[in-house]
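What follows is the content of upload24.txt, which has compact mmCIF, C-alpha atoms:
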```
# COMPACT_ATOMS: atom_id res chain seq x y z
CA MET A 1 -22.50 39.41 -33.71
CA LYS A 2 -19.92 36.89 -34.91
CA VAL A 3 -17.57 37.93 -32.12
CA ILE A 4 -20.28 37.30 -29.49
CA LYS A 5 -21.00 33.84 -30.93
CA ASN A 6 -17.31 32.98 -30.86
CA ARG A 7 -17.06 34.10 -27.23
CA LYS A 8 -20.09 32.01 -26.28
CA ARG A 9 -18.59 29.03 -28.05
CA ALA A 10 -15.30 29.53 -26.22
CA VAL A 11 -17.08 29.79 -22.86
CA ILE A 12 -19.08 26.61 -23.55
CA ILE A 13 -15.98 24.68 -24.62
CA THR A 14 -14.09 25.90 -21.54
CA LEU A 15 -16.94 24.82 -19.24
CA VAL A 16 -17.20 21.41 -20.90
CA LEU A 17 -13.44 20.87 -20.54
CA LEU A 18 -13.52 22.03 -16.92
CA ILE A 19 -16.43 19.77 -15.99
CA GLY A 20 -14.89 16.87 -17.90
CA SER A 21 -11.55 17.34 -16.09
CA CYS A 22 -13.28 17.44 -12.70
CA LEU A 23 -15.22 14.25 -13.46
CA PHE A 24 -12.05 12.54 -14.70
CA LEU A 25 -10.08 13.49 -11.57
CA TYR A 26 -12.94 12.38 -9.31
CA TYR A 27 -13.10 9.02 -11.08
CA GLU A 28 -9.33 8.54 -11.00
CA ASN A 29 -9.20 9.25 -7.27
CA ASN A 30 -12.30 7.37 -6.10
CA SER A 31 -12.85 4.36 -8.36
CA ILE A 32 -11.06 1.49 -6.62
CA VAL A 33 -9.40 -1.29 -8.63
CA ILE A 34 -8.81 -4.82 -7.32
CA SER A 35 -5.56 -6.16 -8.78
CA LYS A 36 -5.35 -9.96 -8.54
CA TYR A 37 -2.22 -12.12 -8.54
CA SER A 38 -1.59 -15.83 -8.24
CA TYR A 39 1.63 -16.83 -6.47
CA THR A 40 3.13 -20.31 -6.44
CA ASN A 41 6.06 -21.70 -4.49
CA GLU A 42 7.02 -25.26 -3.62
CA LYS A 43 7.68 -24.16 -0.03
CA ILE A 44 3.99 -23.35 0.56
CA PRO A 45 2.36 -26.13 2.65
CA SER A 46 -0.55 -27.80 0.87
CA SER A 47 -3.02 -26.65 3.55
CA PHE A 48 -2.28 -23.03 2.59
CA LYS A 49 -3.11 -23.53 -1.07
CA ASN A 50 -5.74 -20.99 -2.18
CA LEU A 51 -5.13 -18.75 0.85
CA LYS A 52 -6.21 -15.24 -0.15
CA ILE A 53 -4.23 -12.24 1.10
CA LEU A 54 -5.67 -8.75 0.65
CA GLN A 55 -3.26 -5.82 0.85
CA ILE A 56 -4.16 -2.28 1.91
CA SER A 57 -1.47 0.35 1.51
CA ASP A 58 -1.05 4.13 1.71
CA PHE A 59 -4.57 4.86 2.88
CA HIS A 60 -3.57 8.33 4.14
CA ASN A 61 -6.85 8.68 6.08
CA ALA A 62 -8.81 8.86 2.84
CA GLN A 63 -12.60 8.77 2.64
CA PHE A 64 -14.48 6.33 0.42
CA GLY A 65 -18.18 6.71 1.16
CA LYS A 66 -19.91 7.24 4.49
CA ASN A 67 -18.01 5.40 7.24
CA GLN A 68 -15.72 3.96 4.52
CA SER A 69 -18.64 1.92 3.17
CA LEU A 70 -17.29 1.71 -0.40
CA VAL A 71 -13.93 0.33 0.76
CA VAL A 72 -15.49 -2.19 3.13
CA LYS A 73 -17.87 -3.42 0.44
CA LYS A 74 -14.95 -4.04 -1.95
CA ILE A 75 -13.00 -5.93 0.70
CA LYS A 76 -15.96 -8.15 1.57
CA GLN A 77 -16.35 -9.03 -2.11
CA CYS A 78 -12.76 -10.34 -2.13
CA GLU A 79 -13.41 -12.75 0.77
CA PRO A 80 -9.80 -12.59 2.04
CA ASP A 81 -8.38 -15.04 4.56
CA ILE A 82 -5.99 -12.42 5.94
CA ILE A 83 -5.58 -8.67 5.45
CA VAL A 84 -2.21 -6.90 5.49
CA ILE A 85 -1.65 -3.14 5.85
CA THR A 86 1.72 -1.95 4.57
CA GLY A 87 2.08 1.51 6.07
CA ASP A 88 0.85 5.09 5.77
CA LEU A 89 -2.56 4.31 7.20
CA ILE A 90 -2.65 7.99 8.19
CA ASP A 91 -1.28 11.17 6.65
CA ARG A 92 1.03 13.21 8.84
CA ARG A 93 0.14 16.55 7.20
CA ARG A 94 -3.62 16.21 7.83
CA TYR A 95 -3.66 13.70 10.63
CA ASP A 96 -7.10 12.12 11.14
CA LEU A 97 -6.86 8.76 12.88
CA GLU A 98 -10.64 8.46 13.19
CA LYS A 99 -11.12 8.14 9.42
CA SER A 100 -8.57 5.34 9.21
CA MET A 101 -9.94 3.57 12.29
CA ASP A 102 -13.43 3.67 10.73
CA LEU A 103 -11.98 1.29 8.17
CA VAL A 104 -9.95 -0.82 10.60
CA LYS A 105 -12.87 -1.39 12.99
CA GLN A 106 -14.87 -2.96 10.17
CA ILE A 107 -12.24 -5.05 8.40
CA VAL A 108 -11.15 -6.87 11.57
CA ASP A 109 -14.54 -8.59 11.41
CA ILE A 110 -13.78 -9.82 7.87
CA ALA A 111 -10.36 -11.43 8.45
CA PRO A 112 -7.30 -11.21 10.74
CA VAL A 113 -5.42 -7.96 10.12
CA TYR A 114 -1.62 -7.50 10.19
CA TYR A 115 0.04 -4.06 10.07
CA VAL A 116 3.43 -2.42 9.59
CA SER A 117 4.20 1.29 9.74
CA GLY A 118 5.17 3.70 6.99
CA ASN A 119 7.09 6.96 6.91
CA HIS A 120 3.96 8.96 7.70
CA GLU A 121 3.44 7.11 10.97
CA ALA A 122 7.13 7.56 11.74
CA TRP A 123 7.04 11.34 11.26
CA SER A 124 3.51 11.98 12.53
CA GLY A 125 4.42 12.29 16.22
CA HIS A 126 1.36 10.14 16.95
CA TYR A 127 2.71 6.62 16.55
CA ASP A 128 1.99 5.55 20.13
CA GLU A 129 -1.63 6.64 19.71
CA ILE A 130 -1.90 4.84 16.36
CA LYS A 131 -0.41 1.63 17.71
CA LYS A 132 -2.63 1.68 20.79
CA ALA A 133 -5.75 2.16 18.63
CA LEU A 134 -4.76 -0.72 16.34
CA LEU A 135 -3.99 -3.08 19.21
CA SER A 136 -7.33 -2.25 20.84
CA GLU A 137 -9.03 -3.61 17.69
CA ASN A 138 -6.92 -6.81 17.76
CA VAL A 139 -4.76 -5.79 14.81
CA LYS A 140 -1.40 -7.59 14.90
CA VAL A 141 1.27 -4.87 14.78
CA LEU A 142 4.41 -6.40 13.22
CA ASP A 143 6.90 -3.54 13.43
CA ASN A 144 10.10 -5.61 13.71
CA ASP A 145 8.13 -8.65 14.74
CA SER A 146 6.98 -11.91 13.19
CA VAL A 147 4.20 -14.45 13.64
CA ASP A 148 3.56 -17.99 12.47
CA ILE A 149 0.17 -18.56 10.91
CA GLN A 150 -0.99 -22.08 11.68
CA LYS A 151 -3.24 -24.49 9.79
CA GLY A 152 -3.22 -27.83 11.53
CA GLU A 153 0.40 -28.94 11.73
CA ASP A 154 1.45 -26.60 8.89
CA SER A 155 2.55 -22.99 9.21
CA ILE A 156 3.87 -20.06 7.23
CA THR A 157 5.80 -17.11 8.65
CA LEU A 158 4.67 -13.50 8.41
CA ILE A 159 7.46 -10.98 9.07
CA GLY A 160 7.01 -7.24 9.48
CA VAL A 161 9.61 -4.47 9.51
CA LYS A 162 9.35 -1.05 11.13
CA ASP A 163 9.73 1.86 8.74
CA PRO A 164 13.31 3.21 8.71
CA ASP A 165 12.14 6.82 8.98
CA PHE A 166 11.68 6.33 12.73
CA LEU A 167 15.45 6.99 12.75
CA THR A 168 15.13 10.32 10.89
CA SER A 169 12.88 13.37 11.04
CA ASN A 170 12.52 14.54 7.42
CA TYR A 171 13.44 13.80 3.79
CA ILE A 172 16.55 16.01 3.96
CA GLU A 173 18.18 13.63 6.44
CA GLY A 174 17.83 10.76 3.99
CA THR A 175 16.81 7.25 5.05
CA ASP A 176 18.69 5.06 7.52
CA TYR A 177 18.08 1.41 6.64
CA SER A 178 20.54 -0.05 9.17
CA GLU A 179 18.04 -1.15 11.82
CA LEU A 180 15.67 -2.63 9.25
CA GLU A 181 18.49 -4.50 7.54
CA LYS A 182 19.84 -5.86 10.82
CA TYR A 183 16.42 -7.10 11.93
CA LEU A 184 15.50 -8.74 8.65
CA GLU A 185 18.83 -10.53 8.39
CA SER A 186 18.36 -11.87 11.93
CA VAL A 187 14.90 -13.39 11.41
CA SER A 188 14.81 -14.60 7.80
CA LYS A 189 15.19 -18.37 7.42
CA ASP A 190 15.86 -19.90 4.04
CA ASN A 191 13.92 -23.14 4.57
CA ASP A 192 10.57 -21.69 5.73
CA PHE A 193 8.00 -20.04 3.50
CA GLU A 194 8.14 -16.37 4.48
CA ILE A 195 5.92 -13.42 3.67
CA LEU A 196 7.35 -9.98 4.42
CA LEU A 197 5.37 -6.80 5.07
CA SER A 198 7.39 -3.66 4.41
CA HIS A 199 6.50 -0.15 3.30
CA ARG A 200 9.62 0.14 1.11
CA PRO A 201 9.92 -1.25 -2.44
CA GLU A 202 13.35 0.33 -3.05
CA LEU A 203 14.81 -2.27 -0.67
CA MET A 204 14.32 -5.13 -3.11
CA TRP A 205 18.10 -5.67 -3.01
CA LEU A 206 17.80 -6.49 0.70
CA TYR A 207 14.72 -8.71 0.36
CA LYS A 208 16.40 -10.92 -2.24
CA LYS A 209 19.66 -10.90 -0.26
CA CYS A 210 17.70 -12.32 2.70
CA LYS A 211 15.91 -14.72 0.31
CA VAL A 212 12.44 -13.68 1.42
CA ASP A 213 9.85 -15.49 -0.70
CA LEU A 214 6.99 -13.00 -1.02
CA VAL A 215 7.02 -9.28 -0.14
CA PHE A 216 4.15 -6.79 0.08
CA THR A 217 5.15 -3.10 -0.25
CA GLY A 218 3.67 0.33 -1.05
CA HIS A 219 5.02 3.90 -0.57
CA VAL A 220 5.24 4.92 -4.24
CA HIS A 221 1.52 5.56 -4.97
CA GLY A 222 2.10 4.03 -8.40
CA GLY A 223 4.21 7.04 -9.31
CA GLN A 224 1.21 9.33 -8.63
CA ILE A 225 0.89 10.21 -12.33
CA ARG A 226 1.20 7.30 -14.74
CA LEU A 227 1.93 7.55 -18.45
CA PRO A 228 0.87 4.83 -20.91
CA PHE A 229 3.81 2.54 -21.87
CA VAL A 230 6.05 4.47 -19.43
CA GLY A 231 4.67 3.92 -15.92
CA GLY A 232 4.98 6.10 -12.84
CA ILE A 233 6.49 9.57 -13.02
CA ILE A 234 8.07 9.86 -9.58
CA GLY A 235 8.64 7.73 -6.50
CA PRO A 236 9.90 8.77 -3.06
CA ASP A 237 13.43 7.50 -2.41
CA GLN A 238 13.69 6.53 -6.10
CA GLY A 239 13.28 9.80 -7.97
CA PHE A 240 11.87 10.24 -11.47
CA PHE A 241 10.65 7.19 -13.41
CA PRO A 242 11.18 4.77 -10.52
CA LYS A 243 12.20 1.20 -11.26
CA TYR A 244 9.69 -0.06 -8.71
CA ASP A 245 6.40 1.75 -9.20
CA SER A 246 3.54 -0.76 -9.33
CA GLY A 247 2.79 -4.43 -9.82
CA GLU A 248 4.80 -7.64 -9.53
CA PHE A 249 8.61 -7.80 -9.53
CA VAL A 250 10.55 -11.07 -9.51
CA GLU A 251 14.28 -11.06 -8.81
CA GLU A 252 16.11 -14.29 -8.06
CA ASP A 253 13.96 -16.19 -5.51
CA THR A 254 12.04 -13.14 -4.29
CA THR A 255 8.69 -11.87 -5.56
CA MET A 256 7.59 -8.38 -4.56
CA ILE A 257 4.02 -7.14 -4.93
CA LEU A 258 3.92 -3.33 -4.97
CA SER A 259 0.54 -1.71 -4.38
CA ARG A 260 -0.38 1.67 -5.85
CA GLY A 261 -2.26 2.32 -2.61
CA LEU A 262 -5.53 4.11 -1.97
CA GLY A 263 -4.90 7.67 -0.81
CA ASN A 264 -2.88 10.75 -1.63
CA SER A 265 -0.50 12.95 0.31
CA VAL A 266 1.37 16.04 -0.95
CA PHE A 267 -0.06 15.94 -4.48
CA PRO A 268 -3.85 15.56 -4.09
CA PHE A 269 -4.63 13.83 -7.41
CA ARG A 270 -4.02 10.50 -9.12
CA ILE A 271 -3.82 10.60 -12.91
CA PHE A 272 -4.20 7.38 -14.95
CA ASN A 273 -3.57 5.75 -11.59
CA ARG A 274 -6.74 4.62 -9.83
CA PRO A 275 -6.60 3.61 -6.14
CA GLU A 276 -5.90 -0.07 -5.69
CA PHE A 277 -6.43 -3.12 -3.51
CA VAL A 278 -4.13 -6.08 -4.11
CA LEU A 279 -5.43 -9.63 -3.76
CA VAL A 280 -2.90 -12.48 -3.86
CA GLU A 281 -3.95 -16.12 -3.89
CA LEU A 282 -1.36 -18.69 -2.86
CA GLY A 283 -0.82 -21.85 -4.86
CA LYS A 284 1.72 -24.66 -4.77
```
Output the structure of this file as structure tokens.
Amino acid sequence: MKVIKNRKRAVIITLVLLIGSCLFLYYENNSIVISKYSYTNEKIPSSFKNLKILQISDFHNAQFGKNQSLVVKKIKQCEPDIIVITGDLIDRRRYDLEKSMDLVKQIVDIAPVYYVSGNHEAWSGHYDEIKKALLSENVKVLDNDSVDIQKGEDSITLIGVKDPDFLTSNYIEGTDYSELEKYLESVSKDNDFEILLSHRPELMWLYKKCKVDLVFTGHVHGGQIRLPFVGGIIGPDQGFFPKYDSGEFVEEDTTMILSRGLGNSVFPFRIFNRPEFVLVELGK
């Protein structure tokens, strides 16, 4: 009799732990955080003070509610002036452009949208299709391109770089940064206020070398699993316990904002690492 009671107790405890773990993983992977930053720089024209920039990164054709309703609701609440997408809008292993375009088609009505590619677009074999779909929705594709955003007589420059993995075909080949480095060095101007969109946080050495003011990056997924007081466990192109995993990094005259992103890729779960929007408000 005692043995039966102990077995029942063990089964109940196992079920409770299993259900609790499932609920925890669901929450960690679906409860979106809005991380807010205030950025000041004397080079920002006064007319751009309080400009709000919302960053979307590493969406990986995720699903947040019917027709992406939960994501769109969060974005509307932020009331951004511009929206930037810093790569991996799709996932190359389970390519589903329709899910990602469900989001894009709605956010272009909220604010102007600017996009740069990530390694998943580069290796997907579908980049032409992705780019065509984005352009058809009036998204500004800034893969090795730049644009001046005007307010009256004032302007700021938005620069975008194409992901370097367009020059390679897999992780084994490594990453060739030569084209990206050459382009960024050719367009960066020290006197203008410049915002850079790039998928790659590990290139902070290059961003500060080119004296870019503000950089938006992704790619690392916050380290996928985050430990309290330690940070992210692993980052692509950085290895274990990456230096650049999440948040704000200031080196010399360059500030980099690194988003944890929204979706997942190879490893399907986030642990202590909820999906994230970044909202940056400019000051002077």
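With all atoms listed in the file as the basis for measurement, A:Gln238 is the residue among A:Gln238, A:Gln55, A:Ser46, A:Thr14 that approaches Arg200 (chain A) most closely.
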Quick one: everything within 9 Å of region 98-100 of chain A, counting only C-alpha atoms, minus sequence neighbours fewer than 4 positions away in the same chain. Send it as a tab-separated table (two decimals) with C-alpha atoms, in the frame of the given file.
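The resulting part.tsv:
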```
chain	number	residue	atom	x	y	z
A	59	PHE	CA	-4.57	4.86	2.88
A	60	HIS	CA	-3.57	8.33	4.14
A	61	ASN	CA	-6.85	8.68	6.08
A	62	ALA	CA	-8.81	8.86	2.84
A	63	GLN	CA	-12.60	8.77	2.64
A	67	ASN	CA	-18.01	5.40	7.24
A	68	GLN	CA	-15.72	3.96	4.52
A	89	LEU	CA	-2.56	4.31	7.20
A	90	ILE	CA	-2.65	7.99	8.19
A	104	VAL	CA	-9.95	-0.82	10.60
A	105	LYS	CA	-12.87	-1.39	12.99
```
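The two atoms in question, CA of Phe241 (chain A) and CA of Arg226 (chain A), are spaced 9.5 Å apart.
Using only C-alpha atoms, the shortest contact distance between Phe229 (chain A) and any of A:Val33, A:Ile85, A:Phe272, A:Thr157 is found at A:Phe272.
Residue nearest Tyr177 (chain A), chosen from A:Gly223, A:Pro228, A:Gly261, A:Pro164 and counting all atoms listed in the file: A:Pro164.
The protein and nucleic acid residues lying at most 12 Å from Glu153 (chain A) are Pro45, Ser46, Ser47, Phe48, Asp148 and Ile149 of chain A, with all atoms listed in the file considered and sequence neighbours fewer than 4 positions away removed.
Picture a line from CA of His219 (chain A) to CA of Pro236 (chain A); it runs 7.3 Å.
Distance annotation: of A:Arg270, A:Asp163, A:Leu196, A:Gly247, the residue with the minimal separation from Leu180 (chain A) is A:Asp163; atom set is only C-alpha atoms.
Atom pair CA of Leu103 (chain A) / CA of Gly232 (chain A) has a distance of 27.4 Å (rounded to one decimal).
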(message) With all atoms listed in the file as the counted atoms, please give the residues lying no more than 12 Å from Glu179 (chain A), apart from itself and same-chain residues fewer than 3 positions off, as an MDAnalysis selection string.
(response) chainID A and resid 143:144 161:168 175:176 182:186
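Minimum atom-to-atom distances from A:Ser169, A:Tyr244, A:Ile110, A:Ser155 to Trp123 (chain A) were compared using only C-alpha atoms, and the lowest value belongs to A:Ser169.
Nearest residue to Leu197 (chain A), choosing from A:Tyr37, A:Phe216, A:Phe24, A:Phe64 and counting all atoms listed in the file: A:Phe216.
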(request) Quick one: everything within 7 Å of region 129-140 of chain A, counting all atoms listed in the file, minus sequence neighbours fewer than 5 positions away in the same chain. Send it as number ranges by chain. (result) A: 105, 113-115
Could I see region 57-90 of chain A restored to N, CA and C atoms, set down as a PDB file, keeping the file's coordinate frame?
```pdb
ATOM      1  N   SER A  57      -2.679  -0.453   1.335  1.00  0.00           N
ATOM      2  CA  SER A  57      -1.470   0.350   1.510  1.00  0.00           C
ATOM      3  C   SER A  57      -1.760   1.823   1.273  1.00  0.00           C
ATOM      4  N   ASP A  58      -1.012   2.673   1.954  1.00  0.00           N
ATOM      5  CA  ASP A  58      -1.050   4.130   1.710  1.00  0.00           C
ATOM      6  C   ASP A  58      -2.480   4.677   1.705  1.00  0.00           C
ATOM      7  N   PHE A  59      -3.193   4.389   2.766  1.00  0.00           N
ATOM      8  CA  PHE A  59      -4.570   4.860   2.880  1.00  0.00           C
ATOM      9  C   PHE A  59      -4.632   6.367   3.116  1.00  0.00           C
ATOM     10  N   HIS A  60      -3.694   6.879   3.889  1.00  0.00           N
ATOM     11  CA  HIS A  60      -3.570   8.330   4.140  1.00  0.00           C
ATOM     12  C   HIS A  60      -4.894   8.946   4.609  1.00  0.00           C
ATOM     13  N   ASN A  61      -5.530   8.292   5.553  1.00  0.00           N
ATOM     14  CA  ASN A  61      -6.850   8.680   6.080  1.00  0.00           C
ATOM     15  C   ASN A  61      -7.781   9.248   5.018  1.00  0.00           C
ATOM     16  N   ALA A  62      -7.902   8.483   3.931  1.00  0.00           N
ATOM     17  CA  ALA A  62      -8.810   8.860   2.840  1.00  0.00           C
ATOM     18  C   ALA A  62     -10.252   8.586   3.236  1.00  0.00           C
ATOM     19  N   GLN A  63     -11.169   8.988   2.391  1.00  0.00           N
ATOM     20  CA  GLN A  63     -12.600   8.770   2.640  1.00  0.00           C
ATOM     21  C   GLN A  63     -13.231   8.187   1.394  1.00  0.00           C
ATOM     22  N   PHE A  64     -13.792   6.982   1.528  1.00  0.00           N
ATOM     23  CA  PHE A  64     -14.480   6.330   0.420  1.00  0.00           C
ATOM     24  C   PHE A  64     -15.895   5.970   0.873  1.00  0.00           C
ATOM     25  N   GLY A  65     -16.813   6.922   0.730  1.00  0.00           N
ATOM     26  CA  GLY A  65     -18.180   6.710   1.160  1.00  0.00           C
ATOM     27  C   GLY A  65     -18.358   6.943   2.649  1.00  0.00           C
ATOM     28  N   LYS A  66     -19.612   7.010   3.079  1.00  0.00           N
ATOM     29  CA  LYS A  66     -19.910   7.240   4.490  1.00  0.00           C
ATOM     30  C   LYS A  66     -19.385   6.082   5.321  1.00  0.00           C
ATOM     31  N   ASN A  67     -18.615   6.410   6.361  1.00  0.00           N
ATOM     32  CA  ASN A  67     -18.010   5.400   7.240  1.00  0.00           C
ATOM     33  C   ASN A  67     -17.205   4.369   6.454  1.00  0.00           C
ATOM     34  N   GLN A  68     -16.586   4.817   5.357  1.00  0.00           N
ATOM     35  CA  GLN A  68     -15.720   3.960   4.520  1.00  0.00           C
ATOM     36  C   GLN A  68     -16.503   2.795   3.897  1.00  0.00           C
ATOM     37  N   SER A  69     -17.778   2.998   3.650  1.00  0.00           N
ATOM     38  CA  SER A  69     -18.640   1.920   3.170  1.00  0.00           C
ATOM     39  C   SER A  69     -18.199   1.349   1.817  1.00  0.00           C
ATOM     40  N   LEU A  70     -17.690   2.188   0.926  1.00  0.00           N
ATOM     41  CA  LEU A  70     -17.290   1.710  -0.400  1.00  0.00           C
ATOM     42  C   LEU A  70     -16.054   0.806  -0.309  1.00  0.00           C
ATOM     43  N   VAL A  71     -15.131   1.149   0.589  1.00  0.00           N
ATOM     44  CA  VAL A  71     -13.930   0.330   0.760  1.00  0.00           C
ATOM     45  C   VAL A  71     -14.296  -1.014   1.378  1.00  0.00           C
ATOM     46  N   VAL A  72     -15.103  -0.969   2.415  1.00  0.00           N
ATOM     47  CA  VAL A  72     -15.490  -2.190   3.130  1.00  0.00           C
ATOM     48  C   VAL A  72     -16.246  -3.136   2.204  1.00  0.00           C
ATOM     49  N   LYS A  73     -17.107  -2.593   1.382  1.00  0.00           N
ATOM     50  CA  LYS A  73     -17.870  -3.420   0.440  1.00  0.00           C
ATOM     51  C   LYS A  73     -16.920  -4.147  -0.520  1.00  0.00           C
ATOM     52  N   LYS A  74     -15.919  -3.437  -1.036  1.00  0.00           N
ATOM     53  CA  LYS A  74     -14.950  -4.040  -1.950  1.00  0.00           C
ATOM     54  C   LYS A  74     -14.169  -5.166  -1.267  1.00  0.00           C
ATOM     55  N   ILE A  75     -13.779  -4.923  -0.027  1.00  0.00           N
ATOM     56  CA  ILE A  75     -13.000  -5.930   0.700  1.00  0.00           C
ATOM     57  C   ILE A  75     -13.839  -7.178   0.950  1.00  0.00           C
ATOM     58  N   LYS A  76     -15.074  -7.005   1.332  1.00  0.00           N
ATOM     59  CA  LYS A  76     -15.960  -8.150   1.570  1.00  0.00           C
ATOM     60  C   LYS A  76     -16.129  -8.984   0.305  1.00  0.00           C
ATOM     61  N   GLN A  77     -16.196  -8.314  -0.834  1.00  0.00           N
ATOM     62  CA  GLN A  77     -16.350  -9.030  -2.110  1.00  0.00           C
ATOM     63  C   GLN A  77     -15.152  -9.939  -2.384  1.00  0.00           C
ATOM     64  N   CYS A  78     -13.977  -9.558  -1.895  1.00  0.00           N
ATOM     65  CA  CYS A  78     -12.760 -10.340  -2.130  1.00  0.00           C
ATOM     66  C   CYS A  78     -12.685 -11.602  -1.268  1.00  0.00           C
ATOM     67  N   GLU A  79     -13.404 -11.621  -0.165  1.00  0.00           N
ATOM     68  CA  GLU A  79     -13.410 -12.750   0.770  1.00  0.00           C
ATOM     69  C   GLU A  79     -11.993 -13.176   1.164  1.00  0.00           C
ATOM     70  N   PRO A  80     -11.193 -12.247   1.696  1.00  0.00           N
ATOM     71  CA  PRO A  80      -9.800 -12.590   2.040  1.00  0.00           C
ATOM     72  C   PRO A  80      -9.735 -13.473   3.282  1.00  0.00           C
ATOM     73  N   ASP A  81      -8.654 -14.254   3.353  1.00  0.00           N
ATOM     74  CA  ASP A  81      -8.380 -15.040   4.560  1.00  0.00           C
ATOM     75  C   ASP A  81      -7.580 -14.233   5.567  1.00  0.00           C
ATOM     76  N   ILE A  82      -6.693 -13.375   5.075  1.00  0.00           N
ATOM     77  CA  ILE A  82      -5.990 -12.420   5.940  1.00  0.00           C
ATOM     78  C   ILE A  82      -5.885 -11.088   5.212  1.00  0.00           C
ATOM     79  N   ILE A  83      -5.731 -10.023   5.994  1.00  0.00           N
ATOM     80  CA  ILE A  83      -5.580  -8.670   5.450  1.00  0.00           C
ATOM     81  C   ILE A  83      -4.272  -8.094   5.973  1.00  0.00           C
ATOM     82  N   VAL A  84      -3.475  -7.507   5.083  1.00  0.00           N
ATOM     83  CA  VAL A  84      -2.210  -6.900   5.490  1.00  0.00           C
ATOM     84  C   VAL A  84      -2.227  -5.415   5.134  1.00  0.00           C
ATOM     85  N   ILE A  85      -1.745  -4.595   6.056  1.00  0.00           N
ATOM     86  CA  ILE A  85      -1.650  -3.140   5.850  1.00  0.00           C
ATOM     87  C   ILE A  85      -0.173  -2.777   5.838  1.00  0.00           C
ATOM     88  N   THR A  86       0.294  -2.211   4.725  1.00  0.00           N
ATOM     89  CA  THR A  86       1.720  -1.950   4.570  1.00  0.00           C
ATOM     90  C   THR A  86       2.071  -0.462   4.669  1.00  0.00           C
ATOM     91  N   GLY A  87       1.615   0.169   5.737  1.00  0.00           N
ATOM     92  CA  GLY A  87       2.080   1.510   6.070  1.00  0.00           C
ATOM     93  C   GLY A  87       1.277   2.665   5.519  1.00  0.00           C
ATOM     94  N   ASP A  88       1.523   3.836   6.104  1.00  0.00           N
ATOM     95  CA  ASP A  88       0.850   5.090   5.770  1.00  0.00           C
ATOM     96  C   ASP A  88      -0.671   4.949   5.839  1.00  0.00           C
ATOM     97  N   LEU A  89      -1.121   4.374   6.932  1.00  0.00           N
ATOM     98  CA  LEU A  89      -2.560   4.310   7.200  1.00  0.00           C
ATOM     99  C   LEU A  89      -3.112   5.705   7.413  1.00  0.00           C
ATOM    100  N   ILE A  90      -2.267   6.587   7.965  1.00  0.00           N
ATOM    101  CA  ILE A  90      -2.650   7.990   8.190  1.00  0.00           C
ATOM    102  C   ILE A  90      -1.758   8.902   7.362  1.00  0.00           C
TER     103      ILE A  90
END
```
